[in-house]
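Reproduced below: structure-v8.cif, with mmCIF, C-alpha atoms and all ligand atoms.
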```
data_run
loop_
_atom_site.label_atom_id
_atom_site.label_comp_id
_atom_site.auth_asym_id
_atom_site.auth_seq_id
_atom_site.Cartn_x
_atom_site.Cartn_y
_atom_site.Cartn_z
CA MET U 28 18.79 -3.37 -54.18
CA ASN U 29 21.46 -4.81 -51.91
CA ASP U 30 23.34 -2.76 -49.36
CA SER U 31 26.58 -3.64 -47.70
CA CYS U 32 28.53 -3.23 -44.47
CA ASP U 33 31.42 -4.80 -42.58
CA VAL U 34 29.61 -6.59 -39.74
CA VAL U 35 25.96 -7.50 -39.16
CA VAL U 36 24.94 -8.36 -35.61
CA ILE U 37 21.55 -10.13 -35.45
CA GLY U 38 19.68 -9.97 -32.14
CA ALA U 39 18.91 -7.41 -29.45
CA GLY U 40 19.21 -9.55 -26.35
CA ILE U 41 22.06 -9.01 -23.96
CA ALA U 42 24.51 -10.96 -26.16
CA GLY U 43 23.85 -8.88 -29.29
CA LEU U 44 23.82 -5.61 -27.36
CA SER U 45 27.16 -6.39 -25.65
CA CYS U 46 28.72 -7.30 -28.96
CA VAL U 47 27.55 -4.10 -30.65
CA VAL U 48 28.72 -1.89 -27.76
CA TRP U 49 32.20 -3.43 -27.81
CA LEU U 50 32.47 -3.46 -31.61
CA ARG U 51 31.71 0.25 -31.68
CA LYS U 52 34.42 0.94 -29.08
CA LEU U 53 37.07 -1.36 -30.54
CA LEU U 54 36.39 -0.63 -34.20
CA PRO U 55 34.88 2.86 -34.52
CA GLU U 56 35.79 3.04 -38.20
CA VAL U 57 34.04 -0.24 -39.04
CA ASP U 58 30.48 -0.20 -40.38
CA VAL U 59 28.46 -2.31 -37.93
CA ARG U 60 24.76 -2.89 -38.71
CA TRP U 61 22.64 -4.06 -35.77
CA VAL U 62 19.34 -5.73 -36.65
CA ALA U 63 16.67 -7.53 -34.64
CA LYS U 64 13.08 -8.65 -35.04
CA THR U 65 11.94 -5.58 -33.14
CA GLN U 66 13.70 -2.49 -31.87
CA GLU U 67 13.08 -3.58 -28.29
CA ILE U 68 16.23 -4.36 -26.31
CA GLY U 69 16.19 -7.37 -23.99
CA GLY U 70 15.07 -10.41 -25.99
CA ILE U 71 14.05 -13.31 -23.81
CA LEU U 72 14.44 -11.22 -20.64
CA TYR U 73 10.82 -10.25 -21.24
CA HIS U 74 9.94 -13.87 -20.41
CA VAL U 75 12.07 -14.09 -17.26
CA HIS U 76 9.80 -13.24 -14.35
CA ASN U 77 11.93 -14.63 -11.56
CA THR U 78 14.44 -12.24 -10.04
CA ILE U 79 17.91 -12.49 -11.53
CA LYS U 80 20.05 -12.53 -8.40
CA ASP U 81 23.77 -12.15 -7.93
CA TRP U 82 24.49 -10.61 -11.31
CA VAL U 83 27.60 -8.92 -10.04
CA GLY U 84 27.18 -5.21 -9.54
CA VAL U 85 23.48 -5.09 -10.32
CA ASP U 86 20.69 -4.95 -7.78
CA GLU U 87 18.17 -7.72 -7.85
CA ALA U 88 15.82 -7.31 -10.83
CA THR U 89 13.34 -9.36 -12.84
CA GLY U 90 14.01 -9.94 -16.56
CA PRO U 91 11.75 -7.09 -17.78
CA GLU U 92 13.26 -4.73 -15.17
CA MET U 93 16.74 -5.66 -16.37
CA ALA U 94 15.69 -5.12 -20.00
CA GLU U 95 14.45 -1.66 -19.04
CA LEU U 96 17.78 -0.90 -17.35
CA LEU U 97 19.61 -1.93 -20.53
CA ALA U 98 17.33 0.18 -22.72
CA ALA U 99 17.78 3.19 -20.44
CA TRP U 100 21.56 2.74 -20.47
CA THR U 101 21.93 3.26 -24.23
CA ASP U 102 20.16 5.39 -26.82
CA GLU U 103 21.11 2.97 -29.56
CA ARG U 104 18.42 0.73 -30.99
CA PRO U 105 18.69 -2.02 -33.60
CA GLU U 106 17.06 -1.71 -37.00
CA ALA U 107 13.81 -3.68 -37.05
CA LEU U 108 14.49 -6.59 -39.39
CA ASP U 109 13.16 -10.11 -39.00
CA VAL U 110 15.99 -11.86 -40.82
CA GLN U 111 14.73 -14.69 -43.00
CA SER U 112 17.90 -16.05 -44.59
CA ILE U 113 21.67 -16.10 -44.25
CA ARG U 114 23.61 -17.05 -47.34
CA ARG U 115 27.32 -17.51 -47.96
CA THR U 116 29.09 -15.72 -50.77
CA ASP U 117 32.66 -16.15 -52.02
CA ASP U 118 34.01 -13.48 -49.70
CA GLY U 119 31.37 -12.98 -47.02
CA TRP U 120 27.67 -13.18 -46.28
CA PHE U 121 24.24 -12.02 -47.25
CA VAL U 122 21.86 -11.36 -44.35
CA ASP U 123 18.67 -11.13 -46.36
CA THR U 124 19.80 -8.44 -48.80
CA ILE U 125 22.59 -6.95 -46.68
CA ALA U 126 26.08 -7.96 -47.83
CA ALA U 127 28.57 -8.26 -44.97
CA ASP U 128 32.10 -9.50 -44.31
CA PHE U 129 31.18 -10.79 -40.83
CA VAL U 130 27.96 -11.99 -39.23
CA VAL U 131 27.36 -12.34 -35.49
CA LEU U 132 24.40 -14.57 -34.72
CA ALA U 133 22.83 -13.53 -31.38
CA THR U 134 19.34 -14.86 -32.00
CA GLY U 135 18.86 -16.67 -28.69
CA THR U 136 16.17 -19.20 -27.93
CA GLU U 137 12.40 -19.41 -27.78
CA ILE U 138 10.21 -21.11 -25.21
CA ARG U 139 9.06 -24.54 -26.35
CA ILE U 140 5.33 -25.19 -26.52
CA PRO U 141 4.38 -28.78 -27.31
CA ASP U 142 1.97 -29.40 -30.19
CA THR U 143 -0.60 -30.84 -27.76
CA PRO U 144 -4.11 -30.02 -29.04
CA GLY U 145 -5.67 -27.07 -27.22
CA LEU U 146 -2.47 -25.89 -25.52
CA ARG U 147 -1.72 -22.92 -27.74
CA ASP U 148 -5.42 -21.99 -27.90
CA GLY U 149 -5.46 -21.58 -24.12
CA LEU U 150 -2.33 -19.40 -23.93
CA ASP U 151 -2.69 -16.51 -21.49
CA GLU U 152 -6.21 -17.68 -20.57
CA PHE U 153 -5.57 -20.87 -18.62
CA VAL U 154 -2.21 -21.92 -20.10
CA PHE U 155 0.83 -20.02 -18.84
CA LEU U 156 4.56 -20.14 -19.59
CA SER U 157 5.84 -18.52 -16.39
CA THR U 158 5.33 -19.67 -12.83
CA SER U 159 6.74 -16.57 -11.11
CA LYS U 160 4.56 -14.19 -13.12
CA HIS U 161 1.34 -16.04 -12.24
CA ALA U 162 2.16 -17.35 -8.75
CA GLU U 163 -0.10 -14.90 -6.89
CA GLN U 164 -2.98 -15.45 -9.30
CA LEU U 165 -2.68 -19.23 -8.87
CA ALA U 166 -2.58 -19.21 -5.06
CA GLY U 167 -4.81 -21.95 -3.68
CA GLN U 168 -5.67 -23.27 -7.16
CA ARG U 169 -5.32 -26.61 -8.89
CA VAL U 170 -2.54 -26.61 -11.48
CA ALA U 171 -1.17 -29.08 -14.04
CA MET U 172 2.56 -28.57 -14.56
CA ILE U 173 3.93 -30.00 -17.83
CA GLY U 174 7.66 -30.73 -17.72
CA GLY U 175 10.24 -32.71 -15.81
CA GLY U 176 13.21 -30.39 -15.36
CA ASP U 177 14.31 -27.78 -12.84
CA SER U 178 11.77 -25.19 -13.97
CA ALA U 179 8.83 -27.57 -13.61
CA PHE U 180 9.87 -28.87 -10.20
CA GLU U 181 10.95 -25.49 -8.82
CA GLY U 182 7.75 -23.97 -10.22
CA ALA U 183 5.65 -26.63 -8.50
CA LEU U 184 7.33 -25.78 -5.18
CA ILE U 185 6.75 -22.04 -5.69
CA LEU U 186 3.04 -22.73 -6.24
CA ALA U 187 2.89 -25.21 -3.33
CA ASP U 188 4.13 -22.38 -1.09
CA LYS U 189 1.05 -20.47 -2.23
CA ASP U 190 -1.16 -23.38 -1.20
CA ALA U 191 -1.80 -24.42 -4.79
CA THR U 192 -2.18 -28.14 -5.54
CA VAL U 193 0.09 -29.19 -8.40
CA ASP U 194 0.25 -32.35 -10.51
CA ILE U 195 3.45 -32.72 -12.52
CA TYR U 196 3.14 -34.40 -15.92
CA SER U 197 6.46 -35.64 -17.27
CA ARG U 198 7.00 -37.99 -20.21
CA SER U 199 10.21 -39.39 -18.74
CA GLU U 200 12.18 -39.58 -15.50
CA SER U 201 12.78 -36.16 -14.06
CA ILE U 202 16.07 -34.42 -14.78
CA ALA U 203 15.46 -31.81 -12.07
CA ARG U 204 18.26 -31.18 -9.59
CA ALA U 205 18.17 -33.32 -6.45
CA ARG U 206 17.15 -30.44 -4.15
CA PHE U 207 14.03 -29.73 -6.24
CA GLN U 208 13.17 -33.43 -6.43
CA ALA U 209 13.59 -33.74 -2.65
CA GLY U 210 11.40 -30.66 -2.12
CA VAL U 211 8.68 -32.12 -4.33
CA ALA U 212 8.90 -35.49 -2.56
CA ASP U 213 8.40 -33.71 0.79
CA SER U 214 5.54 -31.49 -0.37
CA LYS U 215 2.02 -32.56 0.41
CA ASN U 216 0.74 -30.20 -2.30
CA VAL U 217 2.70 -31.66 -5.23
CA THR U 218 2.11 -34.99 -6.96
CA VAL U 219 4.36 -36.40 -9.66
CA MET U 220 2.06 -38.36 -11.95
CA ALA U 221 3.27 -41.89 -12.68
CA ILE U 222 5.78 -41.81 -15.52
CA PRO U 223 5.17 -41.61 -18.43
CA ALA U 224 2.54 -38.94 -17.93
CA VAL U 225 1.68 -37.65 -21.39
CA VAL U 226 -0.80 -34.81 -21.80
CA GLU U 227 -2.90 -35.59 -24.87
CA SER U 228 -5.19 -32.56 -25.03
CA VAL U 229 -6.30 -29.50 -23.10
CA SER U 230 -9.76 -28.00 -23.43
CA PRO U 231 -11.48 -25.04 -21.77
CA ARG U 232 -13.97 -25.76 -19.01
CA GLY U 233 -15.64 -23.07 -16.90
CA ASN U 234 -12.90 -20.79 -15.54
CA GLY U 235 -10.28 -23.48 -16.06
CA CYS U 236 -9.68 -26.47 -18.25
CA ASN U 237 -9.75 -30.23 -18.64
CA VAL U 238 -6.45 -31.98 -19.10
CA ALA U 239 -6.64 -35.36 -20.83
CA SER U 240 -3.64 -37.64 -20.43
CA ASN U 241 -2.81 -41.33 -20.42
CA HIS U 242 -3.96 -41.15 -16.76
CA GLY U 243 -7.46 -39.97 -17.69
CA GLU U 244 -9.14 -36.58 -17.67
CA VAL U 245 -8.68 -34.13 -14.78
CA GLU U 246 -10.07 -30.64 -14.20
CA TYR U 247 -7.60 -27.87 -13.35
CA ASP U 248 -7.69 -24.11 -12.91
CA ALA U 249 -4.56 -23.68 -15.02
CA VAL U 250 -1.76 -25.41 -16.90
CA ILE U 251 1.86 -24.29 -16.78
CA VAL U 252 4.19 -25.39 -19.58
CA LYS U 253 7.83 -25.84 -18.63
CA VAL U 254 9.46 -27.96 -21.29
CA GLY U 255 12.47 -25.78 -21.94
CA VAL U 256 13.67 -23.63 -24.79
CA LYS U 257 15.04 -24.21 -28.28
CA PRO U 258 17.59 -22.24 -30.30
CA VAL U 259 16.28 -20.03 -33.11
CA TYR U 260 18.00 -18.83 -36.25
CA PRO U 261 17.06 -17.77 -39.78
CA ASP U 262 17.35 -20.24 -42.68
CA PHE U 263 20.95 -20.90 -43.68
CA ASP U 264 21.87 -22.09 -47.14
CA ASP U 265 24.89 -23.66 -45.44
CA MET U 266 24.15 -24.41 -41.80
CA PRO U 267 27.00 -24.09 -39.26
CA ASP U 268 27.71 -27.14 -37.10
CA THR U 269 25.21 -27.64 -34.29
CA ASP U 270 25.05 -30.03 -31.36
CA ALA U 271 22.39 -32.71 -30.93
CA HIS U 272 19.92 -30.12 -29.59
CA GLY U 273 20.43 -27.64 -32.43
CA TYR U 274 22.71 -25.21 -30.55
CA VAL U 275 25.40 -23.63 -32.73
CA ILE U 276 28.84 -24.96 -31.87
CA VAL U 277 31.45 -22.27 -31.24
CA ASP U 278 35.08 -22.26 -30.21
CA ALA U 279 36.66 -20.20 -27.43
CA GLN U 280 36.57 -17.10 -29.69
CA GLN U 281 32.86 -17.56 -30.47
CA ARG U 282 33.72 -18.69 -34.01
CA THR U 283 31.53 -21.23 -35.78
CA ASP U 284 33.01 -23.67 -38.27
CA LEU U 285 32.08 -21.25 -41.08
CA ARG U 286 34.48 -18.44 -41.93
CA ARG U 287 33.54 -15.09 -40.40
CA LEU U 288 30.33 -16.39 -38.88
CA TYR U 289 30.31 -15.89 -35.10
CA ALA U 290 27.60 -16.90 -32.64
CA VAL U 291 27.01 -15.62 -29.11
CA GLY U 292 24.64 -16.14 -26.19
CA ASP U 293 21.84 -18.66 -25.82
CA VAL U 294 21.88 -19.76 -29.47
CA THR U 295 25.27 -21.42 -28.86
CA ASN U 296 26.24 -24.66 -27.16
CA ILE U 297 28.06 -22.79 -24.36
CA MET U 298 26.39 -23.55 -21.04
CA PRO U 299 25.10 -22.35 -18.66
CA GLN U 300 22.78 -19.98 -20.44
CA SER U 301 22.81 -16.81 -18.38
CA VAL U 302 22.82 -13.04 -18.53
CA ALA U 303 26.49 -12.90 -17.56
CA THR U 304 27.74 -15.58 -19.98
CA SER U 305 25.70 -14.11 -22.87
CA SER U 306 27.09 -10.65 -22.20
CA GLY U 307 30.63 -12.06 -21.97
CA ALA U 308 30.22 -13.95 -25.22
CA GLY U 309 29.18 -10.77 -27.02
CA ILE U 310 32.32 -9.05 -25.80
CA ARG U 311 34.48 -12.02 -26.78
CA ALA U 312 33.11 -12.04 -30.34
CA ALA U 313 33.80 -8.31 -30.66
CA TYR U 314 37.41 -8.89 -29.62
CA SER U 315 37.77 -11.82 -31.99
CA ILE U 316 36.55 -9.71 -34.92
CA PHE U 317 38.84 -6.89 -33.80
CA ASN U 318 41.80 -9.30 -33.75
CA GLU U 319 40.88 -10.75 -37.11
CA LEU U 320 40.57 -7.33 -38.73
CA SER U 321 43.83 -6.25 -37.10
CA GLY U 322 45.53 -9.23 -38.71
CA LEU U 323 46.32 -10.78 -35.33
CA GLU U 324 44.34 -13.88 -36.00
CA SER U 325 42.47 -15.36 -38.92
CA SER U 326 39.44 -17.58 -39.16
CA ASP U 327 40.70 -19.03 -42.45
C1 LIG N 1 12.62 -18.63 -17.78
C2 LIG N 1 14.06 -18.16 -17.83
C3 LIG N 1 14.68 -17.81 -16.64
C4 LIG N 1 16.00 -17.37 -16.65
N1 LIG N 1 16.59 -17.00 -15.47
C5 LIG N 1 17.85 -16.51 -15.48
C6 LIG N 1 18.48 -16.08 -14.26
O1 LIG N 1 17.89 -16.13 -13.17
N2 LIG N 1 19.76 -15.62 -14.33
C7 LIG N 1 20.44 -15.53 -15.52
O2 LIG N 1 21.59 -15.05 -15.52
N3 LIG N 1 19.88 -15.92 -16.68
C8 LIG N 1 18.61 -16.40 -16.69
N4 LIG N 1 18.04 -16.83 -17.86
C9 LIG N 1 18.85 -16.83 -19.10
C10 LIG N 1 19.06 -15.44 -19.70
O3 LIG N 1 17.84 -14.73 -19.71
C11 LIG N 1 19.59 -15.62 -21.12
O4 LIG N 1 20.78 -16.41 -21.04
C12 LIG N 1 19.95 -14.34 -21.87
O5 LIG N 1 18.99 -13.33 -21.65
C13 LIG N 1 20.06 -14.67 -23.37
O6 LIG N 1 20.39 -13.55 -24.11
P1 LIG N 1 20.67 -13.66 -25.69
O7 LIG N 1 21.04 -12.28 -26.12
O8 LIG N 1 21.59 -14.76 -26.00
O9 LIG N 1 19.29 -14.08 -26.38
P2 LIG N 1 17.85 -13.40 -26.39
O10 LIG N 1 17.61 -12.55 -25.21
O11 LIG N 1 16.91 -14.52 -26.65
O12 LIG N 1 17.87 -12.42 -27.67
C14 LIG N 1 17.67 -12.88 -28.98
C15 LIG N 1 17.43 -11.70 -29.91
O13 LIG N 1 17.50 -12.15 -31.26
C16 LIG N 1 16.38 -11.66 -31.98
N5 LIG N 1 16.11 -12.56 -33.10
C17 LIG N 1 15.84 -13.90 -33.07
N6 LIG N 1 15.67 -14.35 -34.33
C18 LIG N 1 15.82 -13.30 -35.16
C19 LIG N 1 15.73 -13.11 -36.59
N7 LIG N 1 15.44 -14.14 -37.40
N8 LIG N 1 15.93 -11.87 -37.09
C20 LIG N 1 16.21 -10.84 -36.29
N9 LIG N 1 16.30 -10.94 -34.94
C21 LIG N 1 16.11 -12.15 -34.39
C22 LIG N 1 15.27 -11.60 -30.94
O14 LIG N 1 14.23 -10.75 -31.36
C23 LIG N 1 16.07 -11.03 -29.75
O15 LIG N 1 16.21 -9.64 -29.89
C24 LIG N 1 16.72 -17.28 -17.89
C25 LIG N 1 16.09 -17.62 -19.08
C26 LIG N 1 14.76 -18.07 -19.07
C27 LIG N 1 14.08 -18.44 -20.36
#
```
Have the structure of the file written as structure tokens, please.
Amino acid sequence: MNDSCDVVVIGAGIAGLSCVVWLRKLLPEVDVRWVAKTQEIGGILYHVHNTIKDWVGVDEATGPEMAELLAAWTDERPEALDVQSIRRTDDGWFVDTIAADFVVLATGTEIRIPDTPGLRDGLDEFVFLSTSKHAEQLAGQRVAMIGGGDSAFEGALILADKDATVDIYSRSESIARARFQAGVADSKNVTVMAIPAVVESVSPRGNGCNVASNHGEVEYDAVIVKVGVKPVYPDFDDMPDTDAHGYVIVDAQQRTDLRRLYAVGDVTNIMPQSVATSSGAGIRAAYSIFNELSGLESSD
């Protein structure tokens, strides 16, 4: 049986939470359903192990600490629903079986893991996705860093400070900011493998692993994967416009090109991706829906 409501917000990261909080304040009479894969608030913050500095008004905190602050700040929790499909109807939307006039997509991103044989099998044993989280553990060790952006280069420098020896494997010329590239060039502990450096397989060996690449096979204590993130969303029968990287294109009111479909936070093409911009986008979408329902503006 289908059920219905006015607005469905999908996602319990900071963008979805902000949107829900502001929708409830602006439109107390409107039936807002909040759903997310799990009832946990914080989304990708649970994968941010560096400290998030200079978020105005908040003391320095890591991602999980910030997620805990958010969860402690509100008693509200989303309904646990891993949304599989979003379908258009004549006058609104179906989010799985929930009929709604408006949908706010706040589904964020997920960390990319290449399909390299052996990489996923080694996750959390000798393959890691966070440098900050494992920096102490990797002090003095030999590490293969896969990636060529800021995270890979900054991560290599963090590990070099802990006397680790790091080889960076990047398929193409680095896109890391100049200060990270300069730091790596000056570090005696970091080597950028000749480009292209393509990791072909990873296999366990003793307490570490062997990394096979176009440069041969090398033994390491650990591999760190830093090849970025990708946007995630359920299946759409009619996909909103996205940019070349799959991010949902929105206008200044967080509207997509599809009527009454809004998108906020990391799933959108609005850069930079950050706690503050995601929170702001959630608020902006709530105001846009408020304006639309008040007849001030229309997405027709
Ligand atoms: C390694 C790293 C470091 C970072 N460092 C910083 C920093 O120092 N400072 C800073 O400001 N920002 C930083 N960021 C960015 C910041 O964490 C994000 O911009 C922000 O947390 C994104 O929030 P969001 O709500 O858009 O998405 P997310 O937090 O990803 O939330 C997405 C939500 O959608 C849910 N969802 C997804 N698909 C479905 C589905 N099909 N059905 C139901 N629910 C679904 C998920 O379960 C989750 O609840 C960092 C990010 C990363 C990855």
Task: All residues having an atom within 8 Å of ligand LIG 1 (chain N) (only C-alpha atoms and all ligand atoms) as a PyMOL selection string - done: chain U and resi 37-44+62-72+74-80+82+90+107-112+133-138+157+178+255-256+259-261+291-294+299-306
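What separates atom CA of Ala290 of chain U from atom CA of Gly273 of chain U is a distance of 12.9 Å.
If only C-alpha atoms are the atoms counted, then among U:Ile173, U:Ala249, U:Ala162, U:Cys32 the closest residue to Ile140 of chain U is U:Ile173.
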Task: Atom-to-atom span, atom CA of Gly235 of chain U and atom CA of Phe180 of chain U, Å - done: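 Atom-to-atom, atom CA of Gly235 of chain U and atom CA of Phe180 of chain U are spaced 21.7 Å apart.
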Cut-off 12 Å: closest segment 64-182 of chain U/segment 205-223 of chain U atom pairs per residue, using only C-alpha atoms, as JSON lines:
```
{"residue": "U:Ala166", "atom": "CA", "partner": "U:Asn216", "partner_atom": "CA", "distance": 11.8}
{"residue": "U:Gly167", "atom": "CA", "partner": "U:Asn216", "partner_atom": "CA", "distance": 10.0}
{"residue": "U:Gln168", "atom": "CA", "partner": "U:Asn216", "partner_atom": "CA", "distance": 10.6}
{"residue": "U:Arg169", "atom": "CA", "partner": "U:Asn216", "partner_atom": "CA", "distance": 9.6}
{"residue": "U:Val170", "atom": "CA", "partner": "U:Val217", "partner_atom": "CA", "distance": 9.6}
{"residue": "U:Ala171", "atom": "CA", "partner": "U:Thr218", "partner_atom": "CA", "distance": 9.8}
{"residue": "U:Met172", "atom": "CA", "partner": "U:Val219", "partner_atom": "CA", "distance": 9.4}
{"residue": "U:Ile173", "atom": "CA", "partner": "U:Val219", "partner_atom": "CA", "distance": 10.4}
{"residue": "U:Gly174", "atom": "CA", "partner": "U:Val219", "partner_atom": "CA", "distance": 10.4}
{"residue": "U:Gly175", "atom": "CA", "partner": "U:Val219", "partner_atom": "CA", "distance": 9.3}
{"residue": "U:Gly176", "atom": "CA", "partner": "U:Phe207", "partner_atom": "CA", "distance": 9.2}
{"residue": "U:Asp177", "atom": "CA", "partner": "U:Phe207", "partner_atom": "CA", "distance": 6.9}
{"residue": "U:Ser178", "atom": "CA", "partner": "U:Phe207", "partner_atom": "CA", "distance": 9.2}
{"residue": "U:Ala179", "atom": "CA", "partner": "U:Phe207", "partner_atom": "CA", "distance": 9.3}
{"residue": "U:Phe180", "atom": "CA", "partner": "U:Phe207", "partner_atom": "CA", "distance": 5.8}
{"residue": "U:Glu181", "atom": "CA", "partner": "U:Phe207", "partner_atom": "CA", "distance": 5.8}
{"residue": "U:Gly182", "atom": "CA", "partner": "U:Phe207", "partner_atom": "CA", "distance": 9.4}
```
Answer as a compact mmCIF listing (two decimals) with C-alpha atoms, keeping the file's coordinate frame, residues within 12 Å of (-9.3, -35.4, -18.7) using all atoms listed in the file:
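File produced: result_33.txt:
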```
# COMPACT_ATOMS: atom_id res chain seq x y z
CA ALA U 171 -1.17 -29.08 -14.04
CA VAL U 225 1.68 -37.65 -21.39
CA VAL U 226 -0.80 -34.81 -21.80
CA GLU U 227 -2.90 -35.59 -24.87
CA SER U 228 -5.19 -32.56 -25.03
CA VAL U 229 -6.30 -29.50 -23.10
CA SER U 230 -9.76 -28.00 -23.43
CA PRO U 231 -11.48 -25.04 -21.77
CA ARG U 232 -13.97 -25.76 -19.01
CA CYS U 236 -9.68 -26.47 -18.25
CA ASN U 237 -9.75 -30.23 -18.64
CA VAL U 238 -6.45 -31.98 -19.10
CA ALA U 239 -6.64 -35.36 -20.83
CA SER U 240 -3.64 -37.64 -20.43
CA ASN U 241 -2.81 -41.33 -20.42
CA HIS U 242 -3.96 -41.15 -16.76
CA GLY U 243 -7.46 -39.97 -17.69
CA GLU U 244 -9.14 -36.58 -17.67
CA VAL U 245 -8.68 -34.13 -14.78
CA GLU U 246 -10.07 -30.64 -14.20
CA TYR U 247 -7.60 -27.87 -13.35
```
Task: One-decimal distance in Å that lies between atom CA of Glu163 of chain U and atom CA of Ser199 of chain U - done: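 Those two atoms sit 29.1 Å apart.
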Test item: residues at most 12 Å from Ile316 of chain U, only C-alpha atoms, excluding those fewer than 6 positions along its chain, as a tab-separated table (two decimals) with C-alpha atoms, keeping the file's coordinate frame:
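The resulting selection.tsv:
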```tsv
chain	number	residue	atom	x	y	z
U	33	ASP	CA	31.42	-4.80	-42.58
U	34	VAL	CA	29.61	-6.59	-39.74
U	35	VAL	CA	25.96	-7.50	-39.16
U	36	VAL	CA	24.94	-8.36	-35.61
U	46	CYS	CA	28.72	-7.30	-28.96
U	47	VAL	CA	27.55	-4.10	-30.65
U	49	TRP	CA	32.20	-3.43	-27.81
U	50	LEU	CA	32.47	-3.46	-31.61
U	51	ARG	CA	31.71	0.25	-31.68
U	53	LEU	CA	37.07	-1.36	-30.54
U	54	LEU	CA	36.39	-0.63	-34.20
U	57	VAL	CA	34.04	-0.24	-39.04
U	59	VAL	CA	28.46	-2.31	-37.93
U	128	ASP	CA	32.10	-9.50	-44.31
U	129	PHE	CA	31.18	-10.79	-40.83
U	130	VAL	CA	27.96	-11.99	-39.23
U	131	VAL	CA	27.36	-12.34	-35.49
U	280	GLN	CA	36.57	-17.10	-29.69
U	281	GLN	CA	32.86	-17.56	-30.47
U	282	ARG	CA	33.72	-18.69	-34.01
U	286	ARG	CA	34.48	-18.44	-41.93
U	287	ARG	CA	33.54	-15.09	-40.40
U	288	LEU	CA	30.33	-16.39	-38.88
U	289	TYR	CA	30.31	-15.89	-35.10
U	290	ALA	CA	27.60	-16.90	-32.64
U	309	GLY	CA	29.18	-10.77	-27.02
U	310	ILE	CA	32.32	-9.05	-25.80
U	322	GLY	CA	45.53	-9.23	-38.71
U	323	LEU	CA	46.32	-10.78	-35.33
U	324	GLU	CA	44.34	-13.88	-36.00
U	325	SER	CA	42.47	-15.36	-38.92
U	326	SER	CA	39.44	-17.58	-39.16
```
Exercise on segment 47-56 of chain U, axis-aligned box with 8 Å per side, report centre and edge lengths in Å to one decimal, as AutoDock Vina command-line options:
```
--center_x 32.3 --center_y -0.5 --center_z -33.0 --size_x 25.5 --size_y 23.1 --size_z 26.4
```
Open item on the list: I'd like to know which of U:Tyr196, U:Thr295, U:Thr158, U:Asn318 is closest to Leu184 of chain U, using all atoms listed in the file.
Closed with: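 For Leu184 of chain U, the nearest of the given residues is U:Thr158.
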Task: Selected residue of minimal separation from Asp142 of chain U among U:Ile195, U:Val254, U:Ala99, U:Val122, counting all atoms listed in the file - done: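 Ranked by minimum distance to Asp142 of chain U, first place goes to U:Val254.
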Open item on the list: Restricting the calculation to only C-alpha atoms: of U:Leu96, U:Leu165, U:Ala203, U:Val154, which residue gets closest to Ile185 of chain U?
Closed with: U:Leu165
